[in-house]
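Visitor: Please find run-v7.pdb (PDB, C-alpha atoms, pLDDT in the B column) on the next line:
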```pdb
ATOM      1  CA  MET C  21     -11.605  92.119  76.449  1.00 61.00           C
ATOM      2  CA  GLN C  22      -8.698  91.613  78.841  1.00 77.00           C
ATOM      3  CA  SER C  23      -8.604  93.780  81.976  1.00 87.00           C
ATOM      4  CA  ILE C  24      -5.296  94.828  83.503  1.00 93.00           C
ATOM      5  CA  PRO C  25      -5.120  96.348  87.011  1.00 94.00           C
ATOM      6  CA  VAL C  26      -3.016  99.530  87.107  1.00 94.00           C
ATOM      7  CA  ASP C  27      -0.842 100.499  90.100  1.00 92.00           C
ATOM      8  CA  THR C  28      -1.632 104.221  90.373  1.00 91.00           C
ATOM      9  CA  ALA C  29       1.153 104.705  92.940  1.00 87.00           C
ATOM     10  CA  ARG C  30       3.637 104.259  90.087  1.00 87.00           C
ATOM     11  CA  LEU C  31       1.971 106.864  87.839  1.00 87.00           C
ATOM     12  CA  GLY C  32       3.260 109.930  89.664  1.00 86.00           C
ATOM     13  CA  VAL C  33       1.025 112.983  90.063  1.00 88.00           C
ATOM     14  CA  LEU C  34      -2.440 112.604  88.556  1.00 94.00           C
ATOM     15  CA  ARG C  35      -4.091 115.911  87.661  1.00 95.00           C
ATOM     16  CA  CYS C  36      -7.523 116.591  86.155  1.00 96.00           C
ATOM     17  CA  ALA C  37      -7.110 117.921  82.600  1.00 96.00           C
ATOM     18  CA  ILE C  38     -10.818 118.023  81.697  1.00 96.00           C
ATOM     19  CA  ALA C  39     -13.505 118.102  84.390  1.00 95.00           C
ATOM     20  CA  PRO C  40     -16.017 115.219  84.577  1.00 96.00           C
ATOM     21  CA  GLU C  41     -18.336 114.944  81.574  1.00 96.00           C
ATOM     22  CA  ALA C  42     -21.191 112.530  80.986  1.00 96.00           C
ATOM     23  CA  LYS C  43     -20.147 109.821  78.505  1.00 95.00           C
ATOM     24  CA  ILE C  44     -22.451 109.910  75.486  1.00 94.00           C
ATOM     25  CA  SER C  45     -23.468 106.525  74.050  1.00 91.00           C
ATOM     26  CA  ASN C  46     -25.481 107.949  71.129  1.00 90.00           C
ATOM     27  CA  PRO C  47     -24.310 111.277  69.647  1.00 90.00           C
ATOM     28  CA  GLU C  48     -27.548 111.723  67.688  1.00 94.00           C
ATOM     29  CA  THR C  49     -29.834 111.531  70.732  1.00 94.00           C
ATOM     30  CA  GLN C  50     -27.235 112.689  73.308  1.00 93.00           C
ATOM     31  CA  GLU C  51     -28.133 109.615  75.369  1.00 95.00           C
ATOM     32  CA  VAL C  52     -25.823 109.185  78.360  1.00 95.00           C
ATOM     33  CA  LYS C  53     -24.072 105.817  78.654  1.00 95.00           C
ATOM     34  CA  LYS C  54     -25.175 103.697  81.622  1.00 95.00           C
ATOM     35  CA  ASP C  55     -23.404 100.909  83.467  1.00 93.00           C
ATOM     36  CA  ARG C  56     -24.906  97.444  84.038  1.00 93.00           C
ATOM     37  CA  ASP C  57     -26.914  98.753  86.999  1.00 95.00           C
ATOM     38  CA  GLY C  58     -28.347 101.707  85.069  1.00 95.00           C
ATOM     39  CA  ASN C  59     -26.075 104.361  86.624  1.00 96.00           C
ATOM     40  CA  PRO C  60     -24.663 107.123  84.393  1.00 97.00           C
ATOM     41  CA  VAL C  61     -21.028 106.842  83.293  1.00 97.00           C
ATOM     42  CA  TYR C  62     -18.753 109.898  83.333  1.00 98.00           C
ATOM     43  CA  THR C  63     -15.290 110.457  81.922  1.00 97.00           C
ATOM     44  CA  VAL C  64     -12.447 112.499  83.365  1.00 97.00           C
ATOM     45  CA  ALA C  65      -9.315 113.338  81.383  1.00 97.00           C
ATOM     46  CA  VAL C  66      -6.303 112.964  83.677  1.00 97.00           C
ATOM     47  CA  THR C  67      -2.676 113.912  83.082  1.00 95.00           C
ATOM     48  CA  VAL C  68      -0.020 111.381  84.043  1.00 91.00           C
ATOM     49  CA  ARG C  69       3.626 112.325  84.464  1.00 82.00           C
ATOM     50  CA  GLN C  70       6.290 109.940  85.709  1.00 74.00           C
ATOM     51  CA  ASP C  71       9.811 110.957  86.691  1.00 74.00           C
ATOM     52  CA  ARG C  72      10.037 114.126  84.559  1.00 75.00           C
ATOM     53  CA  ARG C  73       8.936 112.294  81.435  1.00 77.00           C
ATOM     54  CA  ARG C  74       6.441 113.730  78.995  1.00 84.00           C
ATOM     55  CA  ILE C  75       2.918 114.266  80.198  1.00 88.00           C
ATOM     56  CA  SER C  76       0.326 111.826  78.873  1.00 90.00           C
ATOM     57  CA  VAL C  77      -3.421 112.336  79.046  1.00 94.00           C
ATOM     58  CA  ILE C  78      -5.704 109.374  79.657  1.00 95.00           C
ATOM     59  CA  GLU C  79      -9.482 109.425  79.690  1.00 96.00           C
ATOM     60  CA  ILE C  80     -10.928 107.466  82.604  1.00 97.00           C
ATOM     61  CA  ALA C  81     -14.537 106.254  82.797  1.00 97.00           C
ATOM     62  CA  VAL C  82     -16.204 106.099  86.206  1.00 97.00           C
ATOM     63  CA  THR C  83     -19.743 105.282  87.341  1.00 97.00           C
ATOM     64  CA  GLY C  84     -21.560 108.299  88.740  1.00 95.00           C
ATOM     65  CA  GLU C  85     -20.483 111.925  88.617  1.00 94.00           C
ATOM     66  CA  PRO C  86     -17.229 112.554  90.505  1.00 95.00           C
ATOM     67  CA  LYS C  87     -17.832 115.465  92.887  1.00 94.00           C
ATOM     68  CA  GLY C  88     -15.533 118.367  93.696  1.00 93.00           C
ATOM     69  CA  ILE C  89     -13.129 117.886  90.787  1.00 95.00           C
ATOM     70  CA  GLU C  90     -11.917 120.906  88.809  1.00 94.00           C
ATOM     71  CA  GLU C  91      -9.505 121.213  85.917  1.00 95.00           C
ATOM     72  CA  GLY C  92      -5.917 121.432  87.130  1.00 94.00           C
ATOM     73  CA  GLN C  93      -6.686 119.749  90.458  1.00 95.00           C
ATOM     74  CA  ILE C  94      -4.657 116.810  91.753  1.00 95.00           C
ATOM     75  CA  VAL C  95      -6.859 113.720  91.980  1.00 96.00           C
ATOM     76  CA  LYS C  96      -6.766 110.231  93.469  1.00 96.00           C
ATOM     77  CA  VAL C  97      -7.846 107.388  91.195  1.00 97.00           C
ATOM     78  CA  THR C  98      -9.029 104.236  92.965  1.00 96.00           C
ATOM     79  CA  GLY C  99      -9.342 100.827  91.313  1.00 97.00           C
ATOM     80  CA  LEU C 100      -7.900 101.828  87.927  1.00 97.00           C
ATOM     81  CA  THR C 101      -8.117  99.126  85.274  1.00 97.00           C
ATOM     82  CA  ALA C 102      -6.912  99.198  81.671  1.00 96.00           C
ATOM     83  CA  PHE C 103      -8.813  97.329  78.949  1.00 94.00           C
ATOM     84  CA  VAL C 104      -7.226  96.360  75.650  1.00 91.00           C
ATOM     85  CA  TRP C 105      -9.787  96.443  72.829  1.00 89.00           C
ATOM     86  CA  SER C 106     -10.027  96.018  69.059  1.00 89.00           C
ATOM     87  CA  MET C 107     -12.790  96.535  66.512  1.00 89.00           C
ATOM     88  CA  GLY C 108     -11.803  95.599  62.984  1.00 92.00           C
ATOM     89  CA  GLU C 109      -8.743  97.661  62.082  1.00 93.00           C
ATOM     90  CA  ARG C 110      -9.087  99.873  65.177  1.00 92.00           C
ATOM     91  CA  HIS C 111      -7.532  99.034  68.528  1.00 91.00           C
ATOM     92  CA  GLY C 112      -6.481 100.739  71.732  1.00 91.00           C
ATOM     93  CA  VAL C 113      -6.570 100.862  75.496  1.00 92.00           C
ATOM     94  CA  SER C 114      -9.420 102.267  77.572  1.00 94.00           C
ATOM     95  CA  PHE C 115      -9.413 102.993  81.290  1.00 97.00           C
ATOM     96  CA  ARG C 116     -12.036 102.573  83.999  1.00 97.00           C
ATOM     97  CA  ALA C 117     -11.863 103.379  87.727  1.00 97.00           C
ATOM     98  CA  ASP C 118     -13.951 102.634  90.789  1.00 97.00           C
ATOM     99  CA  ALA C 119     -13.640 106.273  91.900  1.00 97.00           C
ATOM    100  CA  ILE C 120     -11.916 109.571  91.140  1.00 97.00           C
ATOM    101  CA  THR C 121     -11.699 111.974  94.074  1.00 96.00           C
ATOM    102  CA  PRO C 122     -10.009 115.317  94.751  1.00 95.00           C
ATOM    103  CA  VAL C 123      -6.831 115.275  96.836  1.00 93.00           C
ATOM    104  CA  PRO C 124      -7.110 117.547  99.880  1.00 88.00           C
ATOM    105  CA  GLY C 125      -4.794 120.517  99.354  1.00 82.00           C
ATOM    106  CA  GLY C 126      -4.376 119.588  95.677  1.00 71.00           C
ATOM    107  CA  SER C 127      -6.432 122.490  94.372  1.00 72.00           C
ATOM    108  CA  ALA C 128      -6.298 123.674  90.793  1.00 65.00           C
ATOM    109  CA  HIS C 129      -4.483 126.797  91.995  1.00 59.00           C
ATOM    110  CA  ALA C 130      -1.762 125.027  93.998  1.00 50.00           C
ATOM    111  CA  LYS C 131       1.799 125.397  92.739  1.00 48.00           C
ATOM    112  CA  GLY C 132       4.055 122.462  91.982  1.00 47.00           C
ATOM    113  CA  GLY C 133       2.847 118.904  91.676  1.00 47.00           C
ATOM    114  CA  GLY C 134       5.000 118.014  88.698  1.00 48.00           C
ATOM    115  CA  ALA C 135       2.280 117.868  86.083  1.00 46.00           C
TER     116      ALA C 135
END
```
Written as C-alpha coordinates, how would this file's structure read?
Guide:
Amino acid sequence: MQSIPVDTARLGVLRCAIAPEAKISNPETQEVKKDRDGNPVYTVAVTVRQDRRRISVIEIAVTGEPKGIEEGQIVKVTGLTAFVWSMGERHGVSFRADAITPVPGGSAHAKGGGA
(Lines of atoms letter the chains of each structure in order from A and count residues from 1; the text may use other names and numbers.)
(Lines give C-alpha, C1' and ligand atoms only; values in the text may rest on other atoms or scores of the structure.)
Protein backbone atom coordinates (compact mmCIF):
# COMPACT_ATOMS: atom_id res chain seq x y z
CA MET A 1 0.00 0.00 0.00
CA GLN A 2 1.52 3.30 -1.11
CA SER A 3 1.37 6.21 1.35
CA ILE A 4 1.10 9.78 0.11
CA PRO A 5 1.69 12.75 2.44
CA VAL A 6 -1.07 15.37 2.19
CA ASP A 7 -0.42 19.13 2.54
CA THR A 8 -3.35 20.15 4.76
CA ALA A 9 -2.56 23.85 4.23
CA ARG A 10 -3.89 23.45 0.68
CA LEU A 11 -7.17 21.84 1.77
CA GLY A 12 -8.86 25.01 2.99
CA VAL A 13 -11.06 24.91 6.09
CA LEU A 14 -11.32 21.50 7.73
CA ARG A 15 -14.48 21.03 9.81
CA CYS A 16 -15.63 18.03 11.85
CA ALA A 17 -18.69 16.46 10.18
CA ILE A 18 -19.01 13.46 12.51
CA ALA A 19 -17.45 13.48 15.98
CA PRO A 20 -14.76 10.88 16.81
CA GLU A 21 -15.99 7.28 16.84
CA ALA A 22 -14.09 4.13 17.71
CA LYS A 23 -13.21 2.20 14.53
CA ILE A 24 -14.76 -1.27 14.68
CA SER A 25 -12.62 -4.12 13.33
CA ASN A 26 -15.25 -6.84 13.85
CA PRO A 27 -18.92 -5.82 13.52
CA GLU A 28 -20.14 -9.08 15.08
CA THR A 29 -18.19 -8.67 18.33
CA GLN A 30 -17.95 -4.84 18.21
CA GLU A 31 -14.20 -5.21 18.75
CA VAL A 32 -12.38 -1.88 18.44
CA LYS A 33 -9.51 -1.77 15.95
CA LYS A 34 -6.06 -1.33 17.51
CA ASP A 35 -2.84 0.03 16.05
CA ARG A 36 0.48 -1.86 16.10
CA ASP A 37 1.10 -0.77 19.69
CA GLY A 38 -2.32 -1.90 20.92
CA ASN A 39 -3.87 1.60 21.10
CA PRO A 40 -7.48 2.08 19.96
CA VAL A 41 -8.08 3.66 16.54
CA TYR A 42 -10.78 6.31 16.08
CA THR A 43 -12.24 7.88 12.96
CA VAL A 44 -13.36 11.45 12.42
CA ALA A 45 -15.34 12.53 9.36
CA VAL A 46 -13.99 15.88 8.17
CA THR A 47 -15.35 18.24 5.52
CA VAL A 48 -12.88 19.69 3.04
CA ARG A 49 -13.69 22.72 0.91
CA GLN A 50 -11.19 24.42 -1.37
CA ASP A 51 -11.75 27.76 -3.08
CA ARG A 52 -15.58 27.68 -3.12
CA ARG A 53 -15.64 24.23 -4.68
CA ARG A 54 -17.99 21.51 -3.54
CA ILE A 55 -17.57 20.17 -0.05
CA SER A 56 -16.05 16.70 0.21
CA VAL A 57 -16.14 14.52 3.31
CA ILE A 58 -13.17 12.33 4.16
CA GLU A 59 -12.95 9.87 7.02
CA ILE A 60 -9.64 10.11 8.87
CA ALA A 61 -8.28 7.41 11.19
CA VAL A 62 -6.21 8.48 14.19
CA THR A 63 -4.68 6.59 17.11
CA GLY A 64 -6.34 7.41 20.42
CA GLU A 65 -9.53 9.37 20.99
CA PRO A 66 -9.26 12.99 19.81
CA LYS A 67 -10.39 15.22 22.68
CA GLY A 68 -12.54 18.33 22.55
CA ILE A 69 -13.86 17.84 19.01
CA GLU A 70 -17.54 18.45 18.26
CA GLU A 71 -19.51 18.26 15.04
CA GLY A 72 -19.28 21.51 13.09
CA GLN A 73 -16.03 22.56 14.76
CA ILE A 74 -13.00 23.67 12.76
CA VAL A 75 -10.13 21.23 13.30
CA LYS A 76 -6.40 20.99 12.63
CA VAL A 77 -5.16 17.74 11.10
CA THR A 78 -1.48 16.97 11.67
CA GLY A 79 0.52 14.43 9.67
CA LEU A 80 -2.24 13.53 7.19
CA THR A 81 -1.38 10.66 4.87
CA ALA A 82 -3.46 9.12 2.08
CA PHE A 83 -3.22 5.39 1.31
CA VAL A 84 -4.28 3.92 -2.01
CA TRP A 85 -5.70 0.41 -1.56
CA SER A 86 -7.35 -2.37 -3.55
CA MET A 87 -8.97 -5.67 -2.63
CA GLY A 88 -10.15 -7.68 -5.62
CA GLU A 89 -12.57 -5.49 -7.57
CA ARG A 90 -12.74 -2.88 -4.78
CA HIS A 91 -10.34 0.04 -4.50
CA GLY A 92 -10.12 3.46 -2.91
CA VAL A 93 -8.20 5.91 -0.79
CA SER A 94 -8.07 5.90 3.00
CA PHE A 95 -6.69 8.61 5.26
CA ARG A 96 -4.70 8.50 8.49
CA ALA A 97 -3.39 11.35 10.67
CA ASP A 98 -0.98 11.70 13.56
CA ALA A 99 -3.46 13.97 15.36
CA ILE A 100 -6.76 15.82 14.98
CA THR A 101 -7.22 18.77 17.34
CA PRO A 102 -9.78 21.55 17.76
CA VAL A 103 -8.83 25.00 16.48
CA PRO A 104 -9.09 27.64 19.21
CA GLY A 105 -12.02 29.92 18.38
CA GLY A 106 -13.24 27.45 15.74
CA SER A 107 -16.25 26.30 17.74
CA ALA A 108 -19.18 24.48 16.21
CA HIS A 109 -21.27 27.61 16.74
CA ALA A 110 -18.89 30.07 15.06
CA LYS A 111 -20.11 31.73 11.88
CA GLY A 112 -18.20 31.65 8.62
CA GLY A 113 -15.29 29.35 7.94
CA GLY A 114 -16.29 28.49 4.40
CA ALA A 115 -17.39 24.93 4.98
Visitor: How would you write, as a ChimeraX atom specification, the residues chosen by the PyMOL selection byres ((chain C and resi 64) around 8) on this structure?
Guide: /C:36-41,62-63,65-66,79-82
Visitor: The PyMOL selection byres ((chain C and resi 25) around 7) - which residues does that actually catch in the file I just gave you? List them as number ranges by chain.
Guide: C: 23-24, 26-27, 100-102
Visitor: What is the distance, in Å and to one decimal place, between CA of Val77 in chain C and CA of Ser127 in chain C?
Guide: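 Atom-to-atom, CA of Val77 in chain C and CA of Ser127 in chain C are spaced 18.6 Å apart.
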Visitor: Can you work out which one of C:Glu90, C:Asp71, C:Gly125, C:Thr83 has the shortest atom-to-atom distance to Leu31 in chain C, counting all atoms listed in the file?
Guide: C:Asp71
Visitor: Using only C-alpha atoms, pick whichever of C:Val68, C:Gly88, C:Ile75, C:Glu109 has the shortest atom-to-atom distance to Arg35 in chain C.
Guide: C:Val68
Visitor: Enter the distance from CA of Ile94 in chain C to CA of Pro122 in chain C, in Å, rounded to one decimal.
Guide: 6.3 Å
Visitor: Rank C:Val95, C:Lys54, C:Val104, C:Ile44 by their smallest atom-to-atom distance to Ala119 in chain C, using only C-alpha atoms, and report the top residue only.
Guide: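 For Ala119 in chain C, the nearest of the given residues is C:Val95.
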Visitor: Using all atoms listed in the file, which of the listed residues (C:Val61, C:Gln50, C:Gly108, C:Val123) sits closest to Gly92 in chain C?
Guide: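 Comparing C:Val61, C:Gln50, C:Gly108, C:Val123 against Gly92 in chain C, the winner is C:Val123.
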Visitor: Which residue, C:Arg56, C:Ile78, C:Lys96, C:Gly126, has the smallest gap to Gly112 in chain C when you use all atoms listed in the file?
Guide: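 Residue with the minimum atom-to-atom distance to Gly112 in chain C: C:Ile78.
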Visitor: So what do you get for CA of Asp55 in chain C versus CA of Gly84 in chain C, distance-wise?
Guide: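 Atom-to-atom, CA of Asp55 in chain C to CA of Gly84 in chain C, that is 9.3 Å.
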Visitor: Need the shell around Val97 in chain C: protein/DNA/RNA residues with any atom at most 8 Å away, counting all atoms listed in the file. Skip same-chain ones fewer than 3 positions apart. Format as a list in words?
Guide: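 In the requested format, the answer is Thr28, Leu34, Leu100, Ala117, Asp118, Ala119, Ile120 and Thr121 of chain C.
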Visitor: So which residues touch Phe103 in chain C within 8 Å, counting only C-alpha atoms, skipping near sequence neighbours fewer than 3 positions away, as a list in words?
Guide: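 Once the nearby chain positions are removed, what remains is Met21, Gln22, Ser23, Ile24, Val113, Ser114, Phe115 and Arg116 of chain C.
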Visitor: Quick one: axis-aligned box around all listed atoms of range 101-105 of chain C, 5 Å on every side, centre and edge lengths in Å to one decimal, written as AutoDock Vina command-line options.
Guide:
```
--center_x -8.3 --center_y 97.8 --center_z 79.1 --size_x 12.9 --size_y 12.8 --size_z 22.4
```
